[in-house]
Amino acid sequence: MTEYFFDQHYNNIHYGLETLNLKEFESCTFTNCNFSDCNLIGVTFIDCQFNNCNFNTSKINHTAFRTVFFNNCQIKEVNFAMSDKLIFEIHFNNCTLDFSKFYALKLKGISFNNSSLIAVDFMATDLTGAQFYNCNLYRSEFEKAIANKVDFRSSYNYTIDPSKTKLKKAQFALEGLKGLLYKHGIIVE
């Protein structure tokens, strides 16, 4: 049976392997918590905030993120593709998400602000209307993604093949053109 927690504040907790399984958290705040040892199964987060938390290498299986904000969090090597896809909405501010996976998720309107997204898998992801503000997208993969109306103007180090990614009305800064032309061997200075 699922345990329900509402409007709670959790501080400086190191969660173990099965500590959070089959629990639902609504309007809760987690600050300075460590989830790196977690294998989250059947957990639901609704209108929650994570501040200065560590999710590095945590396992997320059938976990629901419904309007969840991550602020100043470490979230390396996390596979979000295994998340519950019903009403999936997450936002990241000043986070490190290097080597994480969002494969084939619907991330319409997602926002990544001042975050490191090195080698992140966005393959086949629907990013329509997403915002990437001042993000490092070095070696992130966008093949078969829908990136229509995405704002990449302040982000950098991306390489996106327009023949393999839908980019209608996506916005890029002039400095970012080399990331769109890399496969053609064109030098932009």
# chains A, B, ... in the order shown; residues from 1 in each chain; ligands from 1
$ residues_around --residues "segment 107-123 of chain A" --least-positions-apart "4" --cutoff "7 Å" --atoms "only C-alpha atoms" --output "PyMOL selection string"
chain A and resi 90-103+127-145
$ select_by_dssp --residues "chain A" --states "strand (DSSP E)" --output "PyMOL selection string"
chain A and resi 3-6+9-11+23-26+29-31+39-41+44-46+49-51+59-61+64-71+84-93+111-113+131-133
$ write_last_selection --atoms "N, CA and C atoms" --output "compact mmCIF listing (two decimals), in the first residue's frame"
# COMPACT_ATOMS: atom_id res chain seq x y z
N GLU A 3 2.25 4.86 0.79
CA GLU A 3 2.20 5.85 1.87
C GLU A 3 2.17 7.24 1.24
N TYR A 4 1.40 8.16 1.81
CA TYR A 4 1.21 9.49 1.26
C TYR A 4 1.76 10.54 2.22
N PHE A 5 2.56 11.50 1.69
CA PHE A 5 3.15 12.57 2.48
C PHE A 5 2.83 13.90 1.81
N PHE A 6 2.32 14.86 2.56
CA PHE A 6 1.91 16.15 2.01
C PHE A 6 2.59 17.30 2.74
N HIS A 9 8.94 18.83 4.75
CA HIS A 9 10.27 19.33 4.42
C HIS A 9 11.30 18.33 4.95
N TYR A 10 12.15 17.87 4.05
CA TYR A 10 13.16 16.89 4.41
C TYR A 10 14.54 17.52 4.21
N ASN A 11 15.39 17.44 5.22
CA ASN A 11 16.71 18.06 5.17
C ASN A 11 17.80 17.06 5.56
N LYS A 23 5.99 5.19 -2.35
CA LYS A 23 5.55 6.33 -1.55
C LYS A 23 5.16 7.47 -2.48
N GLU A 24 4.25 8.31 -2.01
CA GLU A 24 3.82 9.46 -2.79
C GLU A 24 4.07 10.73 -1.98
N PHE A 25 4.74 11.70 -2.62
CA PHE A 25 5.08 12.96 -1.97
C PHE A 25 4.43 14.09 -2.77
N GLU A 26 3.64 14.92 -2.09
CA GLU A 26 3.00 16.05 -2.76
C GLU A 26 3.35 17.33 -2.02
N THR A 29 9.43 19.41 -0.03
CA THR A 29 10.72 19.99 -0.36
C THR A 29 11.82 19.12 0.24
N PHE A 30 12.81 18.79 -0.59
CA PHE A 30 13.97 18.01 -0.17
C PHE A 30 15.19 18.90 -0.31
N THR A 31 15.93 19.10 0.77
CA THR A 31 17.11 19.96 0.75
C THR A 31 18.32 19.20 1.28
N ASN A 39 17.14 3.00 -5.41
CA ASN A 39 16.52 2.34 -6.54
C ASN A 39 15.03 2.67 -6.40
N LEU A 40 14.63 3.82 -6.95
CA LEU A 40 13.27 4.33 -6.77
C LEU A 40 12.29 3.52 -7.62
N ILE A 41 11.37 2.83 -6.96
CA ILE A 41 10.37 2.02 -7.66
C ILE A 41 8.99 2.47 -7.20
N THR A 44 6.06 8.55 -6.38
CA THR A 44 5.41 9.66 -7.06
C THR A 44 5.79 10.97 -6.36
N PHE A 45 6.25 11.93 -7.17
CA PHE A 45 6.55 13.27 -6.68
C PHE A 45 5.64 14.24 -7.42
N ILE A 46 4.79 14.96 -6.68
CA ILE A 46 3.86 15.93 -7.28
C ILE A 46 4.15 17.29 -6.67
N GLN A 49 10.02 20.05 -4.79
CA GLN A 49 11.27 20.72 -5.09
C GLN A 49 12.43 19.97 -4.45
N PHE A 50 13.51 19.86 -5.23
CA PHE A 50 14.75 19.26 -4.74
C PHE A 50 15.82 20.35 -4.80
N ASN A 51 16.42 20.67 -3.67
CA ASN A 51 17.43 21.71 -3.59
C ASN A 51 18.75 21.12 -3.08
N LYS A 59 18.72 4.88 -9.50
CA LYS A 59 17.87 4.17 -10.45
C LYS A 59 16.44 4.69 -10.30
N ILE A 60 15.84 5.02 -11.43
CA ILE A 60 14.48 5.55 -11.42
C ILE A 60 13.61 4.62 -12.25
N ASN A 61 12.81 3.81 -11.59
CA ASN A 61 11.95 2.86 -12.29
C ASN A 61 10.49 3.12 -11.94
N ALA A 64 7.17 8.68 -10.83
CA ALA A 64 6.42 9.77 -11.45
C ALA A 64 6.97 11.12 -10.99
N PHE A 65 7.24 11.98 -11.95
CA PHE A 65 7.66 13.35 -11.68
C PHE A 65 6.61 14.27 -12.29
N ARG A 66 5.76 14.84 -11.46
CA ARG A 66 4.65 15.67 -11.94
C ARG A 66 4.84 17.08 -11.39
N THR A 67 5.37 17.95 -12.24
CA THR A 67 5.72 19.33 -11.89
C THR A 67 6.74 19.32 -10.74
N VAL A 68 7.94 18.91 -11.09
CA VAL A 68 9.04 18.80 -10.13
C VAL A 68 10.18 19.72 -10.56
N PHE A 69 10.75 20.42 -9.59
CA PHE A 69 11.85 21.35 -9.84
C PHE A 69 13.10 20.87 -9.13
N PHE A 70 14.21 20.81 -9.89
CA PHE A 70 15.51 20.45 -9.35
C PHE A 70 16.38 21.71 -9.39
N ASN A 71 16.90 22.11 -8.24
CA ASN A 71 17.74 23.30 -8.13
C ASN A 71 19.09 22.92 -7.52
N ASP A 84 7.68 7.12 -15.02
CA ASP A 84 6.25 7.08 -15.36
C ASP A 84 5.99 8.26 -16.30
N LYS A 85 5.40 8.01 -17.43
CA LYS A 85 5.25 9.04 -18.45
C LYS A 85 3.96 9.85 -18.33
N LEU A 86 3.07 9.50 -17.40
CA LEU A 86 1.82 10.21 -17.22
C LEU A 86 2.08 11.56 -16.53
N ILE A 87 1.70 12.64 -17.16
CA ILE A 87 1.86 14.00 -16.63
C ILE A 87 3.31 14.25 -16.20
N PHE A 88 4.26 13.83 -17.00
CA PHE A 88 5.68 13.98 -16.70
C PHE A 88 6.10 15.43 -16.95
N GLU A 89 6.52 16.14 -15.90
CA GLU A 89 6.98 17.52 -16.05
C GLU A 89 8.07 17.80 -15.04
N ILE A 90 9.26 18.11 -15.56
CA ILE A 90 10.40 18.42 -14.69
C ILE A 90 11.13 19.65 -15.23
N HIS A 91 11.83 20.34 -14.34
CA HIS A 91 12.60 21.52 -14.70
C HIS A 91 13.90 21.51 -13.90
N PHE A 92 14.97 22.02 -14.53
CA PHE A 92 16.30 21.98 -13.92
C PHE A 92 16.93 23.37 -13.90
N ASN A 93 17.47 23.75 -12.75
CA ASN A 93 18.15 25.02 -12.60
C ASN A 93 19.48 24.79 -11.90
N SER A 111 12.46 23.09 -19.05
CA SER A 111 13.48 24.13 -18.99
C SER A 111 14.74 23.61 -18.30
N PHE A 112 15.85 23.91 -18.94
CA PHE A 112 17.18 23.63 -18.40
C PHE A 112 17.87 24.98 -18.30
N ASN A 113 18.20 25.42 -17.10
CA ASN A 113 18.83 26.72 -16.90
C ASN A 113 20.20 26.55 -16.25
N GLN A 131 13.42 24.98 -23.32
CA GLN A 131 14.33 26.11 -23.15
C GLN A 131 15.65 25.60 -22.58
N PHE A 132 16.72 25.86 -23.31
CA PHE A 132 18.06 25.55 -22.86
C PHE A 132 18.78 26.88 -22.66
N TYR A 133 18.78 27.41 -21.45
CA TYR A 133 19.42 28.68 -21.17
C TYR A 133 20.80 28.45 -20.56
$ atom_distance --atom1 "atom CA of Ser27 of chain A" --atom2 "atom CA of Gln8 of chain A"
7.2 Å
$ select_by_dssp --residues "segment 1-188 of chain A" --states "alpha helix (DSSP H)" --output "list in words"
Leu177, Lys178, Gly179, Leu180 and Leu181 of chain A
$ write_last_selection --atoms "C-alpha atoms" --output "CSV table (one decimal), in the first residue's frame"
chain,number,residue,atom,x,y,z
A,177,LEU,CA,26.0,27.8,-36.3
A,178,LYS,CA,29.1,25.7,-36.3
A,179,GLY,CA,27.2,23.1,-34.2
A,180,LEU,CA,24.7,22.8,-36.9
A,181,LEU,CA,27.2,22.6,-39.8
$ residues_around --residues "Ala170 of chain A" --least-positions-apart "6" --cutoff "7 Å" --atoms "only C-alpha atoms" --output "list in words"
Ala147, Asn148, Lys149, Val150 and Asp151 of chain A
$ write_last_selection --atoms "N, CA, C and O atoms" --output "PDB file, in the first residue's frame"
ATOM      1  N   ALA A 147      12.766  18.954 -31.923  1.00  0.00           N
ATOM      2  CA  ALA A 147      13.264  20.136 -31.222  1.00  0.00           C
ATOM      3  C   ALA A 147      12.655  21.403 -31.817  1.00  0.00           C
ATOM      4  O   ALA A 147      13.293  22.453 -31.858  1.00  0.00           O
ATOM      5  N   ASN A 148      11.420  21.317 -32.256  1.00  0.00           N
ATOM      6  CA  ASN A 148      10.724  22.475 -32.808  1.00  0.00           C
ATOM      7  C   ASN A 148      10.503  23.523 -31.719  1.00  0.00           C
ATOM      8  O   ASN A 148      10.161  23.185 -30.590  1.00  0.00           O
ATOM      9  N   LYS A 149      10.745  24.781 -32.079  1.00  0.00           N
ATOM     10  CA  LYS A 149      10.542  25.928 -31.185  1.00  0.00           C
ATOM     11  C   LYS A 149      11.422  25.878 -29.928  1.00  0.00           C
ATOM     12  O   LYS A 149      11.115  26.512 -28.930  1.00  0.00           O
ATOM     13  N   VAL A 150      12.509  25.128 -29.966  1.00  0.00           N
ATOM     14  CA  VAL A 150      13.426  25.059 -28.831  1.00  0.00           C
ATOM     15  C   VAL A 150      14.351  26.281 -28.862  1.00  0.00           C
ATOM     16  O   VAL A 150      14.811  26.701 -29.919  1.00  0.00           O
ATOM     17  N   ASP A 151      14.632  26.832 -27.708  1.00  0.00           N
ATOM     18  CA  ASP A 151      15.523  27.978 -27.600  1.00  0.00           C
ATOM     19  C   ASP A 151      16.918  27.506 -27.171  1.00  0.00           C
ATOM     20  O   ASP A 151      17.139  27.133 -26.021  1.00  0.00           O
TER      21      ASP A 151
END
$ residues_around --residues "Ala173 of chain A" --least-positions-apart "2" --cutoff "10 Å" --atoms "only C-alpha atoms" --output "ChimeraX atom specification"
/A:151-156,171,175-177
$ write_last_selection --atoms "N, CA and C atoms" --output "short mmCIF file (atom, residue, chain, number, x, y, z; two decimals), in the first residue's frame"
data_model
loop_
_atom_site.label_atom_id
_atom_site.label_comp_id
_atom_site.auth_asym_id
_atom_site.auth_seq_id
_atom_site.Cartn_x
_atom_site.Cartn_y
_atom_site.Cartn_z
N ASP A 151 14.63 26.83 -27.71
CA ASP A 151 15.52 27.98 -27.60
C ASP A 151 16.92 27.51 -27.17
N PHE A 152 17.84 27.51 -28.13
CA PHE A 152 19.24 27.13 -27.89
C PHE A 152 20.15 28.36 -27.88
N ARG A 153 19.61 29.56 -27.98
CA ARG A 153 20.41 30.76 -28.24
C ARG A 153 21.55 30.99 -27.26
N SER A 154 21.37 30.71 -25.99
CA SER A 154 22.45 30.99 -25.03
C SER A 154 23.24 29.74 -24.65
N SER A 155 22.90 28.61 -25.23
CA SER A 155 23.63 27.37 -24.93
C SER A 155 24.80 27.19 -25.87
N TYR A 156 25.67 26.24 -25.57
CA TYR A 156 26.91 26.12 -26.31
C TYR A 156 27.40 24.68 -26.36
N GLN A 171 15.51 28.22 -32.17
CA GLN A 171 16.28 29.45 -32.14
C GLN A 171 17.73 29.15 -31.75
N GLU A 175 26.70 32.41 -33.04
CA GLU A 175 27.89 31.67 -32.61
C GLU A 175 27.67 30.15 -32.63
N GLY A 176 26.41 29.73 -32.58
CA GLY A 176 26.11 28.31 -32.53
C GLY A 176 25.98 27.64 -33.89
N LEU A 177 26.11 28.40 -34.97
CA LEU A 177 25.96 27.82 -36.30
C LEU A 177 26.93 26.68 -36.58
#
$ residues_around --residues "Leu105 of chain A" --least-positions-apart "3" --cutoff "7 Å" --atoms "only C-alpha atoms" --output "NGL selection string"
:A and (81 or 102 or 125-126)
